[in-house]
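Student: Structure file final_4.txt (compact mmCIF, C-alpha atoms) right here:
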# COMPACT_ATOMS: atom_id res chain seq x y z
CA MET A 1 9.31 -6.71 17.52
CA LYS A 2 5.72 -6.85 18.63
CA VAL A 3 4.06 -3.56 17.71
CA THR A 4 1.33 -2.77 20.21
CA LYS A 5 0.96 0.93 19.45
CA ALA A 6 1.37 2.79 16.18
CA GLU A 7 0.06 6.24 15.34
CA ILE A 8 0.68 9.05 12.92
CA VAL A 9 1.82 12.02 14.97
CA ILE A 10 2.30 14.73 12.35
CA SER A 11 2.68 15.35 8.64
CA ALA A 12 5.43 17.95 8.71
CA VAL A 13 6.66 20.36 6.05
CA ALA A 14 9.07 22.35 8.26
CA GLU A 15 11.55 21.77 11.06
CA ALA A 16 9.35 23.58 13.59
CA GLN A 17 6.78 20.79 13.17
CA TYR A 18 9.10 17.86 13.90
CA PRO A 19 8.29 15.92 17.08
CA ASP A 20 10.34 17.20 20.02
CA ASP A 21 10.27 14.08 22.22
CA ASN A 22 13.81 13.14 21.10
CA LEU A 23 12.95 9.57 20.05
CA PRO A 24 15.11 7.82 17.41
CA GLU A 25 13.86 8.17 13.82
CA ILE A 26 14.07 5.64 11.02
CA VAL A 27 13.87 7.32 7.63
CA LEU A 28 12.20 5.85 4.53
CA LEU A 29 13.33 7.16 1.16
CA GLY A 30 12.34 6.01 -2.30
CA ARG A 31 10.71 6.86 -5.58
CA SER A 32 7.02 7.56 -5.72
CA ASN A 33 5.09 4.29 -5.72
CA VAL A 34 8.04 2.13 -4.57
CA GLY A 35 5.99 0.92 -1.60
CA LYS A 36 7.11 2.98 1.41
CA SER A 37 3.63 3.08 3.00
CA THR A 38 3.12 -0.63 2.34
CA PHE A 39 6.55 -1.26 3.90
CA VAL A 40 5.47 0.53 7.11
CA ASN A 41 2.09 -1.23 7.23
CA THR A 42 3.73 -4.64 6.72
CA LEU A 43 6.30 -4.09 9.47
CA ILE A 44 3.72 -2.99 12.02
CA GLU A 45 1.11 -5.53 10.83
CA ARG A 46 -1.59 -2.92 10.18
CA ARG A 47 -3.54 -2.52 7.00
CA SER A 48 -3.77 1.22 6.72
CA LEU A 49 -1.83 3.28 9.23
CA ALA A 50 0.30 4.59 6.40
CA ARG A 51 -2.01 5.48 3.52
CA THR A 52 -1.20 3.66 0.30
CA SER A 53 -2.22 4.78 -3.14
CA SER A 54 -1.92 3.41 -6.65
CA GLN A 55 -1.43 7.02 -7.70
CA PRO A 56 2.22 8.15 -7.38
CA GLY A 57 3.14 11.34 -5.57
CA LYS A 58 0.57 11.08 -2.76
CA THR A 59 3.10 11.57 0.07
CA GLN A 60 3.98 15.25 -0.09
CA THR A 61 4.92 15.73 3.56
CA MET A 62 7.25 14.06 6.06
CA ASN A 63 4.95 11.67 7.89
CA PHE A 64 6.06 10.79 11.42
CA TYR A 65 4.67 7.46 12.70
CA ARG A 66 5.36 6.82 16.39
CA ILE A 67 5.84 3.12 17.10
CA ASN A 68 5.40 1.66 20.62
CA ASP A 69 6.24 5.14 21.98
CA GLY A 70 9.87 4.15 21.35
CA PHE A 71 10.81 5.42 17.87
CA TYR A 72 9.45 6.92 14.66
CA PHE A 73 9.23 5.82 11.08
CA VAL A 74 9.62 8.97 8.97
CA ASP A 75 8.08 8.49 5.53
CA MET A 76 9.56 11.04 3.14
CA PRO A 77 7.92 12.34 -0.05
CA GLY A 78 8.73 10.08 -2.99
CA TYR A 79 11.36 11.38 -5.37
CA GLY A 80 11.16 11.24 -9.15
CA TYR A 81 7.47 12.05 -9.41
CA ALA A 82 7.15 13.63 -12.85
CA LYS A 83 3.60 14.99 -12.57
CA ALA A 84 4.41 17.34 -9.70
CA SER A 85 5.56 20.75 -10.83
CA LYS A 86 9.29 21.44 -10.89
CA THR A 87 8.78 24.03 -8.14
CA GLU A 88 6.93 21.49 -6.01
CA ARG A 89 9.65 18.84 -6.52
CA GLU A 90 12.36 21.35 -5.61
CA LYS A 91 10.46 22.30 -2.45
CA TRP A 92 10.19 18.62 -1.40
CA GLY A 93 13.88 18.12 -2.22
CA LYS A 94 14.97 21.02 -0.02
CA MET A 95 12.71 19.84 2.82
CA VAL A 96 14.15 16.29 2.68
CA GLU A 97 17.74 17.49 2.31
CA LYS A 98 17.43 19.84 5.29
CA TYR A 99 16.01 17.02 7.42
CA LEU A 100 18.70 14.51 6.41
CA ARG A 101 21.60 16.91 6.91
CA ASN A 102 20.46 18.38 10.22
CA ARG A 103 18.26 15.92 12.11
CA GLU A 104 20.27 14.23 14.84
CA ASN A 105 17.39 11.87 15.75
CA ALA A 106 17.75 10.04 12.42
CA VAL A 107 19.50 6.79 13.36
CA LEU A 108 18.80 4.65 10.28
CA ILE A 109 17.93 5.26 6.64
CA PHE A 110 16.16 2.72 4.46
CA GLN A 111 16.32 3.50 0.74
CA LEU A 112 13.60 1.53 -1.04
CA ILE A 113 14.18 0.49 -4.65
CA ASP A 114 11.78 -1.53 -6.81
CA SER A 115 13.57 -4.88 -7.19
CA ARG A 116 11.81 -5.60 -10.50
CA HIS A 117 13.67 -2.84 -12.34
CA GLU A 118 17.12 -1.40 -12.77
CA PRO A 119 17.64 1.36 -10.15
CA SER A 120 16.51 4.63 -11.72
CA GLU A 121 18.67 7.69 -12.22
CA ASP A 122 16.84 9.23 -9.22
CA ASP A 123 17.66 6.14 -7.11
CA LEU A 124 21.33 6.45 -8.06
CA LEU A 125 21.42 10.21 -7.39
CA MET A 126 19.79 9.74 -3.97
CA TYR A 127 22.19 6.93 -3.05
CA GLU A 128 25.24 8.92 -4.15
CA TRP A 129 24.00 11.98 -2.24
CA LEU A 130 23.55 9.91 0.94
CA ILE A 131 27.01 8.36 0.60
CA TYR A 132 28.56 11.78 -0.06
CA TYR A 133 27.14 13.04 3.26
CA ASP A 134 28.16 9.85 5.06
CA LEU A 135 24.52 8.79 5.54
CA LYS A 136 24.89 5.18 4.48
CA PRO A 137 21.45 3.64 3.86
CA VAL A 138 20.25 0.06 4.07
CA ILE A 139 18.88 -0.77 0.60
CA ILE A 140 15.47 -2.45 0.50
CA GLY A 141 14.48 -4.16 -2.76
CA THR A 142 10.68 -3.97 -2.70
CA LYS A 143 8.03 -6.04 -4.51
CA ALA A 144 10.29 -9.13 -4.49
CA ASP A 145 7.29 -11.49 -4.54
CA LYS A 146 6.73 -10.46 -8.16
CA LEU A 147 10.04 -12.17 -9.06
CA SER A 148 10.96 -15.84 -9.25
CA LYS A 149 13.73 -17.10 -6.91
CA THR A 150 16.19 -16.97 -9.82
CA ASN A 151 15.16 -13.43 -10.71
CA GLN A 152 15.39 -12.39 -7.05
CA LYS A 153 19.08 -13.36 -7.09
CA LYS A 154 19.53 -11.47 -10.37
CA ALA A 155 17.78 -8.43 -8.84
CA VAL A 156 20.16 -8.41 -5.86
CA ASN A 157 23.15 -8.56 -8.22
CA ARG A 158 21.71 -5.87 -10.51
CA ILE A 159 20.99 -3.44 -7.63
CA ALA A 160 24.38 -4.12 -5.99
CA LYS A 161 26.20 -3.55 -9.28
CA SER A 162 24.23 -0.37 -10.17
CA LEU A 163 24.88 1.19 -6.77
CA ASN A 164 28.43 -0.17 -6.61
CA LEU A 165 27.70 -1.78 -3.22
CA LYS A 166 30.44 -3.44 -1.22
CA LYS A 167 30.04 -6.89 0.39
CA SER A 168 29.56 -5.18 3.76
CA ASP A 169 26.66 -3.00 2.49
CA GLU A 170 23.20 -4.19 3.42
CA LEU A 171 20.64 -5.03 0.75
CA ILE A 172 17.43 -6.76 1.80
CA LEU A 173 14.81 -8.10 -0.59
CA PHE A 174 11.35 -7.33 0.79
CA SER A 175 7.82 -8.44 0.05
CA ALA A 176 4.65 -7.21 1.72
CA GLU A 177 2.87 -10.27 0.29
CA THR A 178 5.18 -13.05 1.51
CA LYS A 179 6.86 -11.11 4.38
CA LEU A 180 10.26 -11.85 2.80
CA GLY A 181 12.90 -9.66 4.47
CA LYS A 182 10.64 -8.53 7.33
CA ASP A 183 12.74 -10.20 10.05
CA GLU A 184 15.98 -8.81 8.57
CA VAL A 185 14.51 -5.29 8.51
CA TRP A 186 13.49 -5.58 12.18
CA GLU A 187 16.99 -6.81 12.99
CA CYS A 188 18.45 -3.65 11.41
CA ILE A 189 16.05 -1.57 13.50
CA HIS A 190 16.90 -3.43 16.74
CA ASN A 191 20.59 -2.83 16.09
CA VAL A 192 20.18 0.96 16.19
CA LEU A 193 17.63 1.35 18.99
Please express what this file holds, its structure, as structure tokens.
Tutor:
Amino acid sequence: MKVTKAEIVISAVAEAQYPDDNLPEIVLLGRSNVGKSTFVNTLIERRSLARTSSQPGKTQTMNFYRINDGFYFVDMPGYGYAKASKTEREKWGKMVEKYLRNRENAVLIFQLIDSRHEPSEDDLLMYEWLIYYDLKPVIIGTKADKLSKTNQKKAVNRIAKSLNLKKSDELILFSAETKLGKDEVWECIHNVL
């Protein structure tokens, strides 16, 4: 897809702030610092629409990015960020859960997992929660350029085994550096729009 227009519309913390133009929404979930903002910037070929940070826990709101006036990327707060207070983490959790359980505009969920490591307990809990509520995500293994070809294959197997994925479940290795997986991600998006 050629992205000709991309803009942040709102950083929401409550349902009343969600966009009301009824466009489809593609949700991005993942641990803090897994690369959700970089993922968005890579897909739309912009350097800094979604703000990236080397410091985890920067995204504390639901950021709605309108793309080509046709759909939104919704970047959720990262889970598993230890330095935020327990109260703060619980608040984010409730906000995300309410969105995921009630938002009819959400047509696709990408769960981003760092391909260099075993999925964390938080990754597993999020995946199991999504499956429980019949919100099957597409798994994106980020930072794949940091792995050799052999280790990329091992990463796919490790993630699939940890999450108990079936053959029909989608798992895409992704790299902002090499653009690995970019076309496959766009294909997933095209299929739901």
Student: Using only C-alpha atoms, pick whichever of A:Ser48, A:Asn68, A:Asn63, A:Gln17 has the shortest atom-to-atom distance to Lys2 in chain A.
Tutor: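 Distance minimum relative to Lys2 in chain A lands on A:Asn68.
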Student: From the options A:Phe174, A:Phe73, A:Tyr79, A:Tyr65, which residue's atoms come nearest to Ala155 in chain A, counting only C-alpha atoms?
Tutor: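 Selected residue with least distance to Ala155 in chain A: A:Phe174.
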Student: Select, from A:Ser115, A:Ser37, A:Thr4, A:Asn151, the residue with the minimum atom-to-atom distance to Phe64 in chain A, counting all atoms listed in the file.
Tutor: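 That would be A:Ser37, the residue with the smallest distance to Phe64 in chain A.
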Student: So which one's closest to Val40 in chain A, A:Val96, A:Ala14, A:Val9, A:Val74? Using all atoms listed in the file, please.
Tutor: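 Closest candidate: A:Val74.
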Student: Can you work out the spacing between CA of Ile109 in chain A and CA of Asp75 in chain A in Å, to one decimal?
Tutor: 10.4 Å
Student: Of the candidates A:Ile67, A:Asp114, A:Val192, A:Lys98, which shows the shortest atom-to-atom distance to Glu45 in chain A, using only C-alpha atoms?
Tutor: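 Of A:Ile67, A:Asp114, A:Val192, A:Lys98, the one nearest Glu45 in chain A, counting only C-alpha atoms, is A:Ile67.
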